[in-house]
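Undergrad: The structure is given below, and queries will be raised subsequently.
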Amino acid sequence: MKASEEEYRLNFFIKNDFKRKICKSCKTPFWTRDEKKEYCSDIPCTDYYFFDINIKSQPLTVKEAREKFLSFFEKRGHTRIPPKPVLARWREDLYLTIASIVDFQPHVTSGLVPPPANPLVVSQPSIRLEDIDNVGITFGRHLTTFEMAAHHAFNYPDHYVYWKDETTAYATEFFTKELGIPEEELNFKESWWEGGGNAGPCLEVTVGGLELATLVFMQYKITDNDDYTPLKLKIVDTGYGVERIAWITQKTPSAFHAIYGNLVYKFFNKIGVAYIDETLLKVASRFAGKIDPDNPDTIKIHRQMVSKELGIDIKAVEEELDRAAKVFQILDHTKTIMLMLADGLVPSNSGEGYLGRLVIRRALKVLRLLKSDVRLYELVKEQIDFWKEDFPQVLKNKDYILDAVELEQQRFEKILEKVPSIALTLARKSEITIEDLIQVYDSNGIPPDLLEEELKKKSVKFELPRNFYALVAKRHQTSTIKSVYDKVKLPKDLVEYITALQPSEKLYYKDQYMRSFEGKVLGIYKNYLILDKTTFYPEGGGQLGDTGLIIDEKSSKRYEVIDTQKVNDVIVHILKEEPSTIKVGDNVRGEINWERRYRLMRHHTVTHVILAAAKKVLGEHVWQAGAEKTPEKGRLDITHHKTLTEEEVKLIENYANSVISDRRPVKPLEMNRMEAEMKYGVSIYEGGVPNSATIRLLEIKDWDIESCGGTHVSNTSEIGAVKIINVERIQDGVIRLEYVAGPALVDYIRETEAKIAEASKIIGTSPDQLTSRLRRILNEVEEKNNLIIQYRRIIETELLNNLKPYEINGNKIYIIEGLGDEEENKEILRKLTSTDNTIAISISDNRLQIATSKNMRVDKIVEELLKGGGKGGGKGTFANVILNSKKSKEEIIEIVRKSL
């Protein structure tokens, strides 16, 4: 969609003598006060000429630029709010925070909840990976991590804040008065924006070839049919580039110098590459607007322009700029890695963890291409020291960040051992496609750049995709939101039937200890029963649905409830049989299986206790990756980068039992979701993201608080005690904890005692003597094993000394009969075939083990043997064969003779 000219013809422009012009190069309309201007002042229509503009502002660091922006809008009635993490965990469709508006999508932008303030101002660290392959090449135009400073206003039908004219006036005042940019250098380029299901016209603010801000006027919702529906809520969504503001005021040779200051020189030194000539870099940056990374020819043209301008050999220019680009990539990527890990990302092969690992491995790849032996964690440590005041979480989580990065490097180095074999497999293909390379990366983690050298050795040519990492990131940057049909375990026709029914009153929230109730029948569909209210808890949040009874008091007929499910806010009781005596409108009585429910309540509450304990022991990066609560046990999956030690498990268990013994109150509370986020942070969404204006939180006093719709005990003492019974790594970056509490713990103890008693009986001792008795048995077994080894050596020596070979065409053939010890047979065969032209065969009934010396192969012998029927095989110098019938030594020799 394209907006009409009237969308951009603002009163502000008319009153302040801005003229609408058409860019001579890109043909895009833009507004300027310079009547002579012919170009939109955006690249590639112009070079970077902001270096030559007289800007009155003193040079600003990133921190100073951020503060200047926030203070400017704070003084003009905007409430400053803290930024959110770079992991968008309040969203189910997006892994990374890619812009400030993401903070408010979808719940604020849809009008479901009010914003935390209106108007507001924020500086939001953001991460975008679609340009990851362009970083460094354009000297700072592309970054994976950047700060989007933004002011937002939310205009409701009954509450107008401000719109286009005021937004444009703010931008003009900020850039001209605060930064001292001459008004004639300020340009507003007409454009269109879409993102997160919303859209609207926008103005791009450009100065001297550099885009400094985008002013979006969000006024449409994009429907599933790609239609644009006007929003009732009109939103001012702006994005000012903090790093670019710093760059334009500092006028450094590249944006990286403006962002990182002396860290640039430190990185060149630590990585071990020579620093680039500053004059060369300044000229390269000036012409960088001509570079279109998607078109390699423009990079060549850029290098030629620099070479000509400075009179330097083009090869020297290419080598220096390529080296500098790689160091700039490491600078950018290590900051991104730091922020991701600081906000809780655990590298893995899926979800957000995949994206984090992708950035880490790209940084490691670049270091390898630079032939640097510096450890990546050393560079990340420099970033932490540099940014610790701007982002306190990086210092707080420093140990985890450095540990995770080092572990990832060790894993990467292990993976690189596979490069020769993977390259050999690829070399067999007639054509190597991008899909092949992505498959190799997804399966083995090997970047195509590092396969290139091996493939060249095998004379295999393939086109290395320039935007490989962007392609891979694009496939993994979003998550599919499940429909209502995917989320419930009910037939589709039943779900459609339920949509016409009113929501069920949830009595289990009014009193979680309520065991029985009376309700009115609203719907019956086969064996599915819907009531106007219920105390049956429907499956959700990892807690199983309740079971129990529905009683028709007219007939006294009792119907067993075998499960409870939910569709939106309608609760469905699943009966064992169709209710023959009940009809719509009847009143019935419900009774839950209380003992089962109470076990579930204990296991659900202790899950919250253990999650908080795991965070305390392992670090704040721990995040709930899944959970299940059954009457028999609880299960919690957490994100963590390595296997837990026995000591860590013990500490988690101790903390949990300490909280249980401390008799801490457990209470549910309801709160506006935006208020809850601002007060407690996005960790309240550990168990999932509810789609409602008001969310239900569960608070364990001074221990844990998070969103939860389950049923819980009212005091931790009711849990009784907890025991972690199993810990395992179920997938990369995810650890599973299983535990029992309350009566389930008693059951577990009884089962364990029974196993101990049985084991004691088997070995003929009492349970209290079990350990010492087992130790004696193991010592005896070890002594006997050592004796067996000695006997084996005697037999082996005797056999080898007395065994006489058959001679066939200059080959020695050894036959061994009836040892029956497979491992000993293999060892003897190996020794017999240590000299050339030797074949050794072990016969045990109709089973044969065949070995040959290194200069021979078993294939032909196996082929001849199987002609008489049988199965088995082998390759190289060893084979196992089972014949259909037993053969004599002489028959075997004859078969070998034929094969030779």
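All residue names refer to the structure tokens as shown: chains lettered A, B, ... in order, residues numbered from 1 in each chain, ligands numbered from 1 in order.
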Applying 8 Å and only C-alpha atoms, which residues near Leu829 in chain A remain after dropping the ones on its own chain fewer than 2 positions away? List them as a list in words.

TA: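 In the requested format, the answer is Asn825, Lys826, Glu827, Lys831, Leu832, Thr833, Ala840, Ile841, Ser842, Ile850 and Ala851 of chain A.
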
Undergrad: Produce a file of the selected residues containing N, CA and C atoms, as a compact mmCIF listing (two decimals), in the first residue's frame.

TA:
# COMPACT_ATOMS: atom_id res chain seq x y z
N ASN A 825 38.67 -63.75 20.75
CA ASN A 825 38.84 -64.14 19.34
C ASN A 825 39.35 -62.98 18.51
N LYS A 826 38.72 -61.78 18.71
CA LYS A 826 39.11 -60.59 17.94
C LYS A 826 40.57 -60.23 18.18
N GLU A 827 41.01 -60.33 19.43
CA GLU A 827 42.37 -59.98 19.77
C GLU A 827 43.35 -60.95 19.11
N LYS A 831 46.20 -60.18 16.12
CA LYS A 831 47.63 -60.49 16.21
C LYS A 831 48.08 -61.39 15.06
N LEU A 832 47.21 -62.34 14.69
CA LEU A 832 47.57 -63.25 13.60
C LEU A 832 47.70 -62.54 12.26
N THR A 833 46.93 -61.49 12.07
CA THR A 833 46.93 -60.79 10.78
C THR A 833 47.80 -59.53 10.80
N ALA A 840 42.82 -64.91 8.90
CA ALA A 840 42.54 -65.66 10.12
C ALA A 840 41.03 -65.77 10.30
N ILE A 841 40.56 -67.00 10.62
CA ILE A 841 39.12 -67.24 10.74
C ILE A 841 38.85 -67.97 12.05
N SER A 842 37.92 -67.43 12.84
CA SER A 842 37.48 -68.08 14.07
C SER A 842 36.13 -68.73 13.81
N ILE A 850 36.03 -63.25 10.58
CA ILE A 850 37.07 -63.32 9.56
C ILE A 850 37.88 -62.03 9.60
N ALA A 851 39.22 -62.16 9.59
CA ALA A 851 40.09 -61.00 9.56
C ALA A 851 41.18 -61.21 8.52

Undergrad: What's around range 61-67 of chain A at 8 Å? Count only C-alpha atoms, leave out sequence neighbours fewer than 3 positions away in its own chain, and write the answer as a PDB file with all heavy atoms, in the first residue's frame.

TA:
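Output file result-v3.pdb is given in full below:
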ATOM      1  N   LEU A  70      16.541  11.348  25.654  1.00  0.00           N
ATOM      2  CA  LEU A  70      15.558  11.058  26.701  1.00  0.00           C
ATOM      3  C   LEU A  70      15.191  12.320  27.483  1.00  0.00           C
ATOM      4  O   LEU A  70      14.010  12.556  27.779  1.00  0.00           O
ATOM      5  CB  LEU A  70      16.113   9.989  27.650  1.00  0.00           C
ATOM      6  CG  LEU A  70      16.316   8.582  27.058  1.00  0.00           C
ATOM      7  CD1 LEU A  70      17.062   7.691  28.042  1.00  0.00           C
ATOM      8  CD2 LEU A  70      14.986   7.948  26.679  1.00  0.00           C
ATOM      9  N   SER A  71      16.181  13.121  27.811  1.00  0.00           N
ATOM     10  CA  SER A  71      15.933  14.353  28.573  1.00  0.00           C
ATOM     11  C   SER A  71      15.102  15.346  27.771  1.00  0.00           C
ATOM     12  O   SER A  71      14.224  16.026  28.321  1.00  0.00           O
ATOM     13  CB  SER A  71      17.262  15.001  28.979  1.00  0.00           C
ATOM     14  OG  SER A  71      17.983  14.158  29.829  1.00  0.00           O
ATOM     15  N   SER A 123      14.686   4.321  25.336  1.00  0.00           N
ATOM     16  CA  SER A 123      15.789   3.962  24.450  1.00  0.00           C
ATOM     17  C   SER A 123      15.932   2.451  24.532  1.00  0.00           C
ATOM     18  O   SER A 123      16.404   1.921  25.543  1.00  0.00           O
ATOM     19  CB  SER A 123      17.092   4.652  24.854  1.00  0.00           C
ATOM     20  OG  SER A 123      18.091   4.394  23.891  1.00  0.00           O
ATOM     21  N   ALA A 149      16.121   4.863  20.092  1.00  0.00           N
ATOM     22  CA  ALA A 149      15.499   5.853  20.976  1.00  0.00           C
ATOM     23  C   ALA A 149      14.164   6.239  20.351  1.00  0.00           C
ATOM     24  O   ALA A 149      14.086   6.445  19.136  1.00  0.00           O
ATOM     25  CB  ALA A 149      16.401   7.069  21.123  1.00  0.00           C
ATOM     26  N   VAL A 242      20.449   6.048  18.025  1.00  0.00           N
ATOM     27  CA  VAL A 242      21.359   6.622  19.022  1.00  0.00           C
ATOM     28  C   VAL A 242      22.797   6.595  18.518  1.00  0.00           C
ATOM     29  O   VAL A 242      23.543   7.573  18.643  1.00  0.00           O
ATOM     30  CB  VAL A 242      21.240   5.863  20.369  1.00  0.00           C
ATOM     31  CG1 VAL A 242      22.284   6.354  21.363  1.00  0.00           C
ATOM     32  CG2 VAL A 242      19.839   6.044  20.948  1.00  0.00           C
ATOM     33  N   GLU A 243      23.203   5.461  17.927  1.00  0.00           N
ATOM     34  CA  GLU A 243      24.574   5.331  17.419  1.00  0.00           C
ATOM     35  C   GLU A 243      24.829   6.317  16.282  1.00  0.00           C
ATOM     36  O   GLU A 243      25.936   6.875  16.172  1.00  0.00           O
ATOM     37  CB  GLU A 243      24.824   3.900  16.929  1.00  0.00           C
ATOM     38  CG  GLU A 243      24.885   2.860  18.041  1.00  0.00           C
ATOM     39  CD  GLU A 243      23.510   2.342  18.484  1.00  0.00           C
ATOM     40  OE1 GLU A 243      22.481   2.827  17.950  1.00  0.00           O
ATOM     41  OE2 GLU A 243      23.463   1.484  19.361  1.00  0.00           O
ATOM     42  N   ILE A 245      23.327   9.215  15.875  1.00  0.00           N
ATOM     43  CA  ILE A 245      23.413  10.558  16.462  1.00  0.00           C
ATOM     44  C   ILE A 245      24.832  10.793  16.993  1.00  0.00           C
ATOM     45  O   ILE A 245      25.425  11.859  16.811  1.00  0.00           O
ATOM     46  CB  ILE A 245      22.362  10.741  17.581  1.00  0.00           C
ATOM     47  CG1 ILE A 245      20.941  10.743  16.979  1.00  0.00           C
ATOM     48  CG2 ILE A 245      22.621  12.027  18.368  1.00  0.00           C
ATOM     49  CD1 ILE A 245      19.828  10.675  18.009  1.00  0.00           C
ATOM     50  N   ALA A 246      25.382   9.760  17.656  1.00  0.00           N
ATOM     51  CA  ALA A 246      26.757   9.868  18.147  1.00  0.00           C
ATOM     52  C   ALA A 246      27.736  10.048  16.977  1.00  0.00           C
ATOM     53  O   ALA A 246      28.668  10.857  17.054  1.00  0.00           O
ATOM     54  CB  ALA A 246      27.122   8.618  18.952  1.00  0.00           C
ATOM     55  N   GLN A 250      30.249  13.196  16.259  1.00  0.00           N
ATOM     56  CA  GLN A 250      31.691  12.934  16.410  1.00  0.00           C
ATOM     57  C   GLN A 250      32.434  13.010  15.074  1.00  0.00           C
ATOM     58  O   GLN A 250      33.626  13.312  15.048  1.00  0.00           O
ATOM     59  CB  GLN A 250      31.925  11.549  17.031  1.00  0.00           C
ATOM     60  CG  GLN A 250      31.485  11.422  18.484  1.00  0.00           C
ATOM     61  CD  GLN A 250      31.867  10.066  19.043  1.00  0.00           C
ATOM     62  OE1 GLN A 250      32.975   9.581  18.847  1.00  0.00           O
ATOM     63  NE2 GLN A 250      30.940   9.440  19.770  1.00  0.00           N
ATOM     64  N   ALA A 258      32.684   5.781  16.684  1.00  0.00           N
ATOM     65  CA  ALA A 258      31.766   6.602  17.487  1.00  0.00           C
ATOM     66  C   ALA A 258      31.110   5.780  18.591  1.00  0.00           C
ATOM     67  O   ALA A 258      30.871   6.264  19.696  1.00  0.00           O
ATOM     68  CB  ALA A 258      30.696   7.223  16.592  1.00  0.00           C
ATOM     69  N   ILE A 259      30.814   4.503  18.304  1.00  0.00           N
ATOM     70  CA  ILE A 259      30.128   3.645  19.271  1.00  0.00           C
ATOM     71  C   ILE A 259      31.088   3.131  20.338  1.00  0.00           C
ATOM     72  O   ILE A 259      30.796   3.178  21.537  1.00  0.00           O
ATOM     73  CB  ILE A 259      29.464   2.448  18.552  1.00  0.00           C
ATOM     74  CG1 ILE A 259      28.419   2.932  17.546  1.00  0.00           C
ATOM     75  CG2 ILE A 259      28.831   1.497  19.569  1.00  0.00           C
ATOM     76  CD1 ILE A 259      27.960   1.845  16.572  1.00  0.00           C
ATOM     77  N   ASP A 390      26.077   1.241  31.222  1.00  0.00           N
ATOM     78  CA  ASP A 390      24.894   1.437  30.371  1.00  0.00           C
ATOM     79  C   ASP A 390      23.884   0.303  30.555  1.00  0.00           C
ATOM     80  O   ASP A 390      22.676   0.528  30.544  1.00  0.00           O
ATOM     81  CB  ASP A 390      25.313   1.496  28.897  1.00  0.00           C
ATOM     82  CG  ASP A 390      26.229   2.667  28.608  1.00  0.00           C
ATOM     83  OD1 ASP A 390      27.395   2.641  29.048  1.00  0.00           O
ATOM     84  OD2 ASP A 390      25.778   3.621  27.950  1.00  0.00           O
TER      85      ASP A 390
END

Undergrad: What is the distance, in Å and to one decimal place, between CA of Thr605 in chain A and CA of Met671 in chain A?

TA: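 The value is 19.9 Å.
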
Undergrad: To one decimal in Å, tell me the separation between CA of Arg286 in chain A and CA of Tyr48 in chain A.

TA: 4.9 Å

Undergrad: If you measure from CA of Asp702 in chain A to CA of Val659 in chain A, what distance in Å do you get, rounded to one decimal?

TA: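 Separating CA of Asp702 in chain A from CA of Val659 in chain A is a distance of 9.7 Å.
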